[in-house]
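File shown: run28.pdb. Contents: PDB, C-alpha atoms, pLDDT in the B column.
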MODEL        1
ATOM      1  CA  MET D   3     127.464  81.407  44.987  1.00 46.00           C
ATOM      2  CA  LYS D   4     124.200  81.017  46.878  1.00 44.00           C
ATOM      3  CA  GLN D   5     124.325  84.677  47.907  1.00 45.00           C
ATOM      4  CA  ILE D   6     124.743  85.751  44.270  1.00 40.00           C
ATOM      5  CA  LEU D   7     121.751  83.658  43.194  1.00 38.00           C
ATOM      6  CA  LEU D   8     119.651  85.112  46.003  1.00 37.00           C
ATOM      7  CA  VAL D   9     120.517  88.668  44.942  1.00 34.00           C
ATOM      8  CA  LEU D  10     119.605  87.866  41.329  1.00 35.00           C
ATOM      9  CA  LEU D  11     116.250  86.426  42.365  1.00 35.00           C
ATOM     10  CA  LEU D  12     115.448  89.481  44.472  1.00 35.00           C
ATOM     11  CA  CYS D  13     116.306  91.742  41.551  1.00 38.00           C
ATOM     12  CA  LEU D  14     114.148  89.791  39.119  1.00 35.00           C
ATOM     13  CA  ALA D  15     111.158  89.309  41.445  1.00 33.00           C
ATOM     14  CA  PRO D  16     109.649  92.817  40.949  1.00 32.00           C
ATOM     15  CA  ARG D  17     109.800  92.359  37.176  1.00 30.00           C
ATOM     16  CA  VAL D  18     108.017  89.020  37.367  1.00 30.00           C
ATOM     17  CA  LEU D  19     105.299  90.460  39.588  1.00 28.00           C
ATOM     18  CA  THR D  20     104.918  93.520  37.386  1.00 30.00           C
ATOM     19  CA  GLY D  21     104.476  91.385  34.306  1.00 32.00           C
ATOM     20  CA  ALA D  22     101.794  89.206  35.886  1.00 33.00           C
ATOM     21  CA  THR D  23      98.305  89.490  34.439  1.00 42.00           C
ATOM     22  CA  ASN D  24      95.609  90.678  36.811  1.00 51.00           C
ATOM     23  CA  PRO D  25      92.842  88.012  36.678  1.00 57.00           C
ATOM     24  CA  LEU D  26      90.231  90.698  37.392  1.00 83.00           C
ATOM     25  CA  GLU D  27      91.167  92.713  34.301  1.00 89.00           C
ATOM     26  CA  ARG D  28      90.182  92.244  30.652  1.00 91.00           C
ATOM     27  CA  ASP D  29      90.776  94.317  27.504  1.00 92.00           C
ATOM     28  CA  LEU D  30      87.539  95.309  25.749  1.00 94.00           C
ATOM     29  CA  GLY D  31      89.295  97.004  22.839  1.00 92.00           C
ATOM     30  CA  LEU D  32      89.372 100.575  21.537  1.00 93.00           C
ATOM     31  CA  GLY D  33      90.787 101.927  24.787  1.00 92.00           C
ATOM     32  CA  LEU D  34      88.193 100.354  27.102  1.00 94.00           C
ATOM     33  CA  THR D  35      89.282  98.139  30.022  1.00 93.00           C
ATOM     34  CA  TYR D  36      87.153  95.873  32.214  1.00 94.00           C
ATOM     35  CA  PHE D  37      87.838  95.510  35.962  1.00 94.00           C
ATOM     36  CA  ARG D  38      85.928  93.073  38.153  1.00 94.00           C
ATOM     37  CA  VAL D  39      85.805  93.960  41.851  1.00 93.00           C
ATOM     38  CA  HIS D  40      85.036  91.162  44.308  1.00 92.00           C
ATOM     39  CA  ASP D  41      86.049  93.063  47.444  1.00 91.00           C
ATOM     40  CA  LEU D  42      85.929  96.806  48.080  1.00 90.00           C
ATOM     41  CA  PRO D  43      88.242  98.622  48.262  1.00 89.00           C
ATOM     42  CA  ALA D  44      90.953  95.948  47.912  1.00 88.00           C
ATOM     43  CA  ASP D  45      90.212  95.075  44.263  1.00 89.00           C
ATOM     44  CA  LEU D  46      90.044  98.627  42.935  1.00 89.00           C
ATOM     45  CA  PRO D  47      92.625  99.231  40.185  1.00 86.00           C
ATOM     46  CA  PRO D  48      95.778 100.995  41.417  1.00 81.00           C
ATOM     47  CA  ALA D  49      95.327 104.744  41.700  1.00 65.00           C
ATOM     48  CA  THR D  50      98.621 105.256  39.881  1.00 60.00           C
ATOM     49  CA  THR D  51      97.275 103.768  36.643  1.00 58.00           C
ATOM     50  CA  ARG D  52      95.397 105.857  34.098  1.00 55.00           C
ATOM     51  CA  PRO D  53      94.336 103.377  31.427  1.00 65.00           C
ATOM     52  CA  GLY D  54      91.524 105.452  29.931  1.00 86.00           C
ATOM     53  CA  ALA D  55      87.850 104.494  29.830  1.00 93.00           C
ATOM     54  CA  LEU D  56      86.884 101.750  32.287  1.00 94.00           C
ATOM     55  CA  VAL D  57      84.093  99.324  33.036  1.00 96.00           C
ATOM     56  CA  LEU D  58      84.065  98.820  36.808  1.00 95.00           C
ATOM     57  CA  ASP D  59      82.006  95.723  37.640  1.00 96.00           C
ATOM     58  CA  LEU D  60      80.678  95.999  41.200  1.00 96.00           C
ATOM     59  CA  ARG D  61      77.946  93.383  40.835  1.00 96.00           C
ATOM     60  CA  TYR D  62      78.065  91.048  43.868  1.00 95.00           C
ATOM     61  CA  ALA D  63      80.996  93.018  45.327  1.00 93.00           C
ATOM     62  CA  HIS D  64      81.570  92.827  49.096  1.00 90.00           C
ATOM     63  CA  ASP D  65      82.620  95.852  51.114  1.00 86.00           C
ATOM     64  CA  ALA D  66      84.913  96.513  54.040  1.00 76.00           C
ATOM     65  CA  ASP D  67      85.403  99.444  56.393  1.00 73.00           C
ATOM     66  CA  ALA D  68      85.769 102.792  54.598  1.00 78.00           C
ATOM     67  CA  ALA D  69      84.796 101.156  51.295  1.00 84.00           C
ATOM     68  CA  ALA D  70      82.527 104.034  50.278  1.00 84.00           C
ATOM     69  CA  SER D  71      85.122 106.735  50.930  1.00 85.00           C
ATOM     70  CA  SER D  72      87.836 104.766  49.131  1.00 88.00           C
ATOM     71  CA  LEU D  73      85.532 104.170  46.172  1.00 91.00           C
ATOM     72  CA  GLY D  74      84.626 107.854  46.030  1.00 89.00           C
ATOM     73  CA  GLY D  75      88.274 108.921  46.059  1.00 89.00           C
ATOM     74  CA  TRP D  76      89.148 106.418  43.334  1.00 90.00           C
ATOM     75  CA  LEU D  77      86.294 107.604  41.092  1.00 91.00           C
ATOM     76  CA  ARG D  78      87.271 111.256  41.497  1.00 88.00           C
ATOM     77  CA  ILE D  79      90.772 110.371  40.271  1.00 88.00           C
ATOM     78  CA  HIS D  80      89.700 108.276  37.277  1.00 89.00           C
ATOM     79  CA  CYS D  81      86.455 109.821  36.035  1.00 90.00           C
ATOM     80  CA  SER D  82      86.430 112.574  33.429  1.00 90.00           C
ATOM     81  CA  LYS D  83      84.489 113.437  30.295  1.00 88.00           C
ATOM     82  CA  THR D  84      87.182 111.902  28.103  1.00 90.00           C
ATOM     83  CA  THR D  85      87.905 108.897  30.342  1.00 92.00           C
ATOM     84  CA  PRO D  86      84.481 107.766  31.572  1.00 94.00           C
ATOM     85  CA  VAL D  87      83.905 104.990  34.083  1.00 95.00           C
ATOM     86  CA  PHE D  88      80.917 102.724  33.449  1.00 97.00           C
ATOM     87  CA  VAL D  89      79.934 101.140  36.780  1.00 97.00           C
ATOM     88  CA  LEU D  90      77.916  97.894  36.690  1.00 97.00           C
ATOM     89  CA  LEU D  91      75.614  97.418  39.685  1.00 96.00           C
ATOM     90  CA  ASN D  92      72.708  95.273  40.843  1.00 95.00           C
ATOM     91  CA  ALA D  93      70.696  94.591  43.979  1.00 93.00           C
ATOM     92  CA  ASP D  94      73.467  92.305  45.295  1.00 94.00           C
ATOM     93  CA  THR D  95      76.155  94.993  45.172  1.00 93.00           C
ATOM     94  CA  ALA D  96      77.611  95.906  48.567  1.00 90.00           C
ATOM     95  CA  PRO D  97      75.159  98.157  50.450  1.00 89.00           C
ATOM     96  CA  ALA D  98      77.849 100.770  51.133  1.00 88.00           C
ATOM     97  CA  ALA D  99      78.591 101.077  47.417  1.00 90.00           C
ATOM     98  CA  LEU D 100      74.905 101.404  46.515  1.00 91.00           C
ATOM     99  CA  ALA D 101      74.494 104.032  49.232  1.00 89.00           C
ATOM    100  CA  TYR D 102      77.450 105.966  47.829  1.00 90.00           C
ATOM    101  CA  PHE D 103      76.006 106.051  44.312  1.00 91.00           C
ATOM    102  CA  SER D 104      72.603 107.085  45.666  1.00 88.00           C
ATOM    103  CA  ASP D 105      74.002 110.018  47.652  1.00 85.00           C
ATOM    104  CA  HIS D 106      77.140 111.164  45.810  1.00 80.00           C
ATOM    105  CA  GLU D 107      77.493 114.472  44.060  1.00 79.00           C
ATOM    106  CA  PRO D 108      77.482 114.283  40.231  1.00 82.00           C
ATOM    107  CA  VAL D 109      80.882 113.255  38.862  1.00 87.00           C
ATOM    108  CA  ALA D 110      81.757 114.038  35.239  1.00 90.00           C
ATOM    109  CA  GLY D 111      82.251 110.840  33.269  1.00 94.00           C
ATOM    110  CA  LEU D 112      80.570 108.520  35.798  1.00 95.00           C
ATOM    111  CA  ILE D 113      77.751 106.360  34.392  1.00 96.00           C
ATOM    112  CA  THR D 114      75.996 103.639  36.416  1.00 96.00           C
ATOM    113  CA  LEU D 115      74.206 100.735  34.718  1.00 97.00           C
ATOM    114  CA  GLY D 116      72.138  97.788  35.902  1.00 96.00           C
ATOM    115  CA  PRO D 117      68.641  96.646  36.828  1.00 94.00           C
ATOM    116  CA  ALA D 118      66.631  99.078  38.915  1.00 90.00           C
ATOM    117  CA  SER D 119      65.922  97.956  42.478  1.00 85.00           C
ATOM    118  CA  PRO D 120      63.978  99.343  45.461  1.00 84.00           C
ATOM    119  CA  THR D 121      67.290 100.569  46.939  1.00 81.00           C
ATOM    120  CA  PHE D 122      68.929 102.033  43.846  1.00 88.00           C
ATOM    121  CA  LEU D 123      68.090 103.534  40.454  1.00 92.00           C
ATOM    122  CA  PRO D 124      71.079 103.553  38.054  1.00 94.00           C
ATOM    123  CA  ASP D 125      71.657 106.158  35.358  1.00 95.00           C
ATOM    124  CA  ILE D 126      70.921 103.488  32.731  1.00 95.00           C
ATOM    125  CA  ALA D 127      68.223 101.135  34.019  1.00 96.00           C
ATOM    126  CA  LEU D 128      68.221  97.768  32.257  1.00 95.00           C
ATOM    127  CA  THR D 129      65.629  95.008  32.074  1.00 93.00           C
ATOM    128  CA  VAL D 130      67.750  92.037  33.148  1.00 93.00           C
ATOM    129  CA  SER D 131      66.531  89.261  35.433  1.00 93.00           C
ATOM    130  CA  ALA D 132      68.527  88.492  38.565  1.00 94.00           C
ATOM    131  CA  LYS D 133      69.091  84.915  37.344  1.00 95.00           C
ATOM    132  CA  ALA D 134      70.360  85.961  33.903  1.00 94.00           C
ATOM    133  CA  ASP D 135      72.634  88.579  35.466  1.00 95.00           C
ATOM    134  CA  ARG D 136      74.148  86.009  37.818  1.00 96.00           C
ATOM    135  CA  VAL D 137      74.660  83.378  35.103  1.00 95.00           C
ATOM    136  CA  ALA D 138      76.415  85.890  32.840  1.00 95.00           C
ATOM    137  CA  TYR D 139      78.577  87.152  35.719  1.00 95.00           C
ATOM    138  CA  ASP D 140      79.655  83.646  36.749  1.00 95.00           C
ATOM    139  CA  ALA D 141      80.417  82.597  33.168  1.00 93.00           C
ATOM    140  CA  LEU D 142      83.560  84.745  33.074  1.00 91.00           C
ATOM    141  CA  ASP D 143      84.911  83.095  36.231  1.00 88.00           C
ATOM    142  CA  HIS D 144      84.230  79.673  34.698  1.00 89.00           C
ATOM    143  CA  GLY D 145      86.304  80.226  31.565  1.00 87.00           C
ATOM    144  CA  THR D 146      83.944  81.981  29.138  1.00 90.00           C
ATOM    145  CA  THR D 147      85.768  84.743  27.285  1.00 92.00           C
ATOM    146  CA  ILE D 148      84.688  88.370  27.286  1.00 91.00           C
ATOM    147  CA  ASP D 149      84.248  88.183  23.511  1.00 92.00           C
ATOM    148  CA  ALA D 150      81.824  85.258  23.825  1.00 92.00           C
ATOM    149  CA  LEU D 151      79.772  87.125  26.441  1.00 93.00           C
ATOM    150  CA  LEU D 152      79.387  90.140  24.143  1.00 93.00           C
ATOM    151  CA  HIS D 153      78.799  88.616  20.706  1.00 85.00           C
ATOM    152  CA  SER D 154      75.962  86.315  19.737  1.00 68.00           C
ATOM    153  CA  THR D 155      76.901  83.305  17.609  1.00 62.00           C
ATOM    154  CA  ALA D 156      73.305  82.494  16.684  1.00 51.00           C
ATOM    155  CA  VAL D 157      72.776  81.943  12.959  1.00 45.00           C
ATOM    156  CA  LYS D 158      69.476  82.986  11.442  1.00 45.00           C
ATOM    157  CA  VAL D 159      67.894  80.433   9.119  1.00 41.00           C
ATOM    158  CA  ARG D 160      67.299  81.882   5.652  1.00 46.00           C
ATOM    159  CA  HIS D 161      64.535  80.401   3.514  1.00 44.00           C
ATOM    160  CA  ASP D 162      65.081  80.508  -0.224  1.00 47.00           C
ATOM    161  CA  GLU D 163      62.037  81.916  -2.047  1.00 46.00           C
ATOM    162  CA  ALA D 164      62.219  79.233  -4.753  1.00 51.00           C
ATOM    163  CA  SER D 165      62.148  76.406  -2.205  1.00 48.00           C
ATOM    164  CA  ILE D 166      59.171  77.988  -0.427  1.00 43.00           C
ATOM    165  CA  ALA D 167      57.279  78.260  -3.723  1.00 49.00           C
ATOM    166  CA  GLN D 168      58.094  74.640  -4.536  1.00 53.00           C
ATOM    167  CA  GLU D 169      56.685  73.516  -1.196  1.00 47.00           C
ATOM    168  CA  HIS D 170      53.385  75.279  -1.942  1.00 46.00           C
ATOM    169  CA  THR D 171      53.116  73.764  -5.430  1.00 50.00           C
ATOM    170  CA  ALA D 172      54.098  70.213  -4.464  1.00 51.00           C
ATOM    171  CA  ASN D 173      51.819  67.343  -5.586  1.00 52.00           C
ATOM    172  CA  PRO D 174      49.371  66.532  -2.757  1.00 48.00           C
ATOM    173  CA  SER D 175      49.630  62.840  -3.663  1.00 50.00           C
ATOM    174  CA  ASP D 176      53.224  62.917  -2.496  1.00 49.00           C
ATOM    175  CA  GLU D 177      52.177  63.622   1.091  1.00 48.00           C
ATOM    176  CA  SER D 178      51.501  59.971   1.891  1.00 48.00           C
ATOM    177  CA  ALA D 179      54.886  58.949   0.517  1.00 47.00           C
ATOM    178  CA  ASP D 180      56.566  61.658   2.523  1.00 51.00           C
ATOM    179  CA  SER D 181      54.829  60.524   5.691  1.00 50.00           C
ATOM    180  CA  ASP D 182      55.991  56.929   5.083  1.00 52.00           C
ATOM    181  CA  THR D 183      59.524  58.175   4.614  1.00 51.00           C
ATOM    182  CA  ASP D 184      59.310  60.159   7.831  1.00 53.00           C
ATOM    183  CA  LEU D 185      58.216  57.044   9.729  1.00 47.00           C
ATOM    184  CA  ALA D 186      61.085  55.056   8.250  1.00 52.00           C
ATOM    185  CA  ASP D 187      63.533  57.700   9.363  1.00 54.00           C
ATOM    186  CA  ALA D 188      62.090  57.940  12.891  1.00 54.00           C
ATOM    187  CA  PRO D 189      64.654  55.625  14.586  1.00 55.00           C
ATOM    188  CA  ALA D 190      67.507  57.566  13.014  1.00 55.00           C
ATOM    189  CA  ALA D 191      65.988  60.856  14.151  1.00 55.00           C
ATOM    190  CA  ALA D 192      65.864  59.567  17.704  1.00 59.00           C
ATOM    191  CA  ASN D 193      69.658  59.331  17.684  1.00 65.00           C
ATOM    192  CA  ILE D 194      70.134  63.013  16.842  1.00 73.00           C
ATOM    193  CA  SER D 195      71.939  64.840  19.640  1.00 69.00           C
ATOM    194  CA  PRO D 196      69.987  67.569  21.451  1.00 71.00           C
ATOM    195  CA  PRO D 197      70.686  71.193  20.529  1.00 67.00           C
ATOM    196  CA  PRO D 198      73.417  72.988  22.477  1.00 67.00           C
ATOM    197  CA  PRO D 199      72.393  75.135  25.456  1.00 68.00           C
ATOM    198  CA  PRO D 200      71.556  78.767  24.696  1.00 76.00           C
ATOM    199  CA  GLN D 201      74.498  81.150  24.534  1.00 86.00           C
ATOM    200  CA  VAL D 202      75.103  83.294  27.602  1.00 90.00           C
ATOM    201  CA  ILE D 203      75.243  87.031  26.878  1.00 93.00           C
ATOM    202  CA  ASP D 204      76.151  89.585  29.543  1.00 96.00           C
ATOM    203  CA  TYR D 205      73.648  92.265  28.583  1.00 94.00           C
ATOM    204  CA  THR D 206      74.694  94.676  31.349  1.00 96.00           C
ATOM    205  CA  LEU D 207      78.316  94.615  30.213  1.00 96.00           C
ATOM    206  CA  LEU D 208      77.232  94.706  26.575  1.00 96.00           C
ATOM    207  CA  ARG D 209      75.267  97.908  27.191  1.00 96.00           C
ATOM    208  CA  ALA D 210      78.331  99.571  28.731  1.00 97.00           C
ATOM    209  CA  VAL D 211      80.454  98.610  25.719  1.00 96.00           C
ATOM    210  CA  GLN D 212      77.791  99.936  23.347  1.00 96.00           C
ATOM    211  CA  LEU D 213      77.736 103.270  25.194  1.00 96.00           C
ATOM    212  CA  HIS D 214      81.507 103.528  24.928  1.00 96.00           C
ATOM    213  CA  ARG D 215      81.417 102.796  21.199  1.00 96.00           C
ATOM    214  CA  ALA D 216      78.660 105.382  20.723  1.00 96.00           C
ATOM    215  CA  LEU D 217      80.740 108.044  22.500  1.00 95.00           C
ATOM    216  CA  LEU D 218      83.682 107.174  20.270  1.00 94.00           C
ATOM    217  CA  ALA D 219      81.520 107.460  17.153  1.00 95.00           C
ATOM    218  CA  LEU D 220      80.309 110.877  18.312  1.00 94.00           C
ATOM    219  CA  LYS D 221      83.940 111.897  18.950  1.00 91.00           C
ATOM    220  CA  LYS D 222      83.204 112.585  22.613  1.00 90.00           C
ATOM    221  CA  LEU D 223      86.264 110.600  23.721  1.00 88.00           C
TER     222      LEU D 223
ENDMDL
END

Encoding of this model in structure tokens:
Amino acid sequence: MKQILLVLLLCLAPRVLTGATNPLERDLGLGLTYFRVHDLPADLPPATTRPGALVLDLRYAHDADAAASSLGGWLRIHCSKTTPVFVLLNADTAPAALAYFSDHEPVAGLITLGPASPTFLPDIALTVSAKADRVAYDALDHGTTIDALLHSTAVKVRHDEASIAQEHTANPSDESADSDTDLADAPAAANISPPPPPQVIDYTLLRAVQLHRALLALKKL
């Protein structure tokens, strides 16, 4: 009986592993997939997969021996005009990877994005501070969803024209009464909770998504 159970477990194990979700992968919609690489070349998506357009996040990636050659081979397999790869980089990307992108021959469908640095100039240079880039990058590891990092939830305050006109035509004699009311409400105002912290937006990733959507709109993909 134990031998039968062991055989069943061995048969089911590959299916369980295959169905597991890669924590470094996220769906960005419309045929675009996000892959975060912490270690090169170990975290590169499997060469056997061909999921379409990709965002390859190499910000803060570490490299190992032969990382540059492995990365180059992977990009040659996956990059094409109809399945582009948007590579996110910054000054903290592994030196071998930055050196590869500085010296490589042009590859169709390869687009690099990130802040310009003394050691590397990406195809799309962005004005993003090192602090903001790091905060946005870490937010995904700490539970923030991709959707939240790409879409602002800020609500613009709209002023009704009639209320603005009423404010300008208000009786000046009412100002003293208003000020007394404000003083009376001061203790209550002190108990108001502070505003929430500003929303974190990953502007480097957002730019890559916008480029993908633009290529779709132009029917280039």

Please enumerate the residues selected by the PyMOL selection byres ((chain D and resi 67) around 12) when evaluated against the supplied file, formatted as a list in words.
Asp41, Leu42, Pro43, Ala44, His64, Asp65, Ala66, Ala68, Ala69, Ala70, Ser71, Ser72, Leu73, Ala96, Pro97, Ala98 and Ala99 of chain D

So which one's closest to Ala210 (chain D), D:Asp140, D:Asp94, D:Asp149, D:Asp59? Using only C-alpha atoms, please.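 Of D:Asp140, D:Asp94, D:Asp149, D:Asp59, the one nearest Ala210 (chain D), counting only C-alpha atoms, is D:Asp59.
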
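Here the question is which of D:Ala63, D:Leu218, D:Val87, D:Leu151 gets nearest to Thr35 (chain D) using all atoms listed in the file, and that residue is D:Val87.
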
Among D:His40, D:Arg61, D:Arg209, D:Lys222, Thr129 (chain D) is approached most closely, using all atoms listed in the file, by D:Arg209

- Task: Name the closest residue to Tyr205 (chain D) among the candidates D:Gly116, D:Gly111, D:Gly54, D:Pro47; distances are taken between atoms, counting all atoms listed in the file.
- Result: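 Comparing D:Gly116, D:Gly111, D:Gly54, D:Pro47 against Tyr205 (chain D), the winner is D:Gly116.
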
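Ranking D:Val211, D:Ala141, D:Val57, D:Leu152 by their shortest atom-to-atom distance to Phe88 (chain D), with only C-alpha atoms included, puts D:Val57 first.
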
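One finds CA of His144 (chain D) at 27.5 Å from CA of Pro124 (chain D).
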
- Task: Grab the CA of Leu34 (chain D) to CA of Ala93 (chain D) distance for me, in Å with one decimal place.
- Result: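 Computing it gives 25.0 Å between the two atoms.
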
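CA of Lys133 (chain D) to CA of Leu90 (chain D) spans 15.7 Å [interatomic distance, one decimal].
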
Q: Using the chain letters and numbering of this document, enumerate as a list in words the residues selected by the PyMOL selection byres ((chain D and resi 126) around 12).
A: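 On the file shown, the PyMOL selection byres ((chain D and resi 126) around 12) covers Phe88, Val89, Leu90, Leu91, Asn92, Leu112, Ile113, Thr114, Leu115, Gly116, Pro117, Ala118, Phe122, Leu123, Pro124, Asp125, Ala127, Leu128, Thr129, Val130, Thr206, Leu207, Arg209, Ala210 and Leu213 of chain D.
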
Hey, can you spit out that residue selection with C-alpha atoms as a CSV table (one decimal), in the coordinates of the input?
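New file out15.csv:
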chain,number,residue,atom,x,y,z
D,88,PHE,CA,80.9,102.7,33.4
D,89,VAL,CA,79.9,101.1,36.8
D,90,LEU,CA,77.9,97.9,36.7
D,91,LEU,CA,75.6,97.4,39.7
D,92,ASN,CA,72.7,95.3,40.8
D,112,LEU,CA,80.6,108.5,35.8
D,113,ILE,CA,77.8,106.4,34.4
D,114,THR,CA,76.0,103.6,36.4
D,115,LEU,CA,74.2,100.7,34.7
D,116,GLY,CA,72.1,97.8,35.9
D,117,PRO,CA,68.6,96.6,36.8
D,118,ALA,CA,66.6,99.1,38.9
D,122,PHE,CA,68.9,102.0,43.8
D,123,LEU,CA,68.1,103.5,40.5
D,124,PRO,CA,71.1,103.6,38.1
D,125,ASP,CA,71.7,106.2,35.4
D,127,ALA,CA,68.2,101.1,34.0
D,128,LEU,CA,68.2,97.8,32.3
D,129,THR,CA,65.6,95.0,32.1
D,130,VAL,CA,67.8,92.0,33.1
D,206,THR,CA,74.7,94.7,31.3
D,207,LEU,CA,78.3,94.6,30.2
D,209,ARG,CA,75.3,97.9,27.2
D,210,ALA,CA,78.3,99.6,28.7
D,213,LEU,CA,77.7,103.3,25.2

The centre and edge lengths of an axis-aligned box containing all atoms of region 37-49 of chain D present in the file, extended by 8 Å on each side, are to be given in Å to one decimal, as JSON.
{"center_x": 90.4, "center_y": 98.0, "center_z": 42.1, "size_x": 26.7, "size_y": 29.6, "size_z": 28.3}

Closest of D:Leu77, D:Arg136, D:Ala110, D:Ala55 to Gly33 (chain D) - atom-to-atom distances counting only C-alpha atoms: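 Closest to Gly33 (chain D) of all the choices is D:Ala55.
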
Original post:
Contacts of Leu26 (chain D) at 9 Å or less, counting all atoms listed in the file, minus same-chain residues fewer than 6 places along, as a PyMOL selection string?
Top reply: chain D and resi 36-40+45
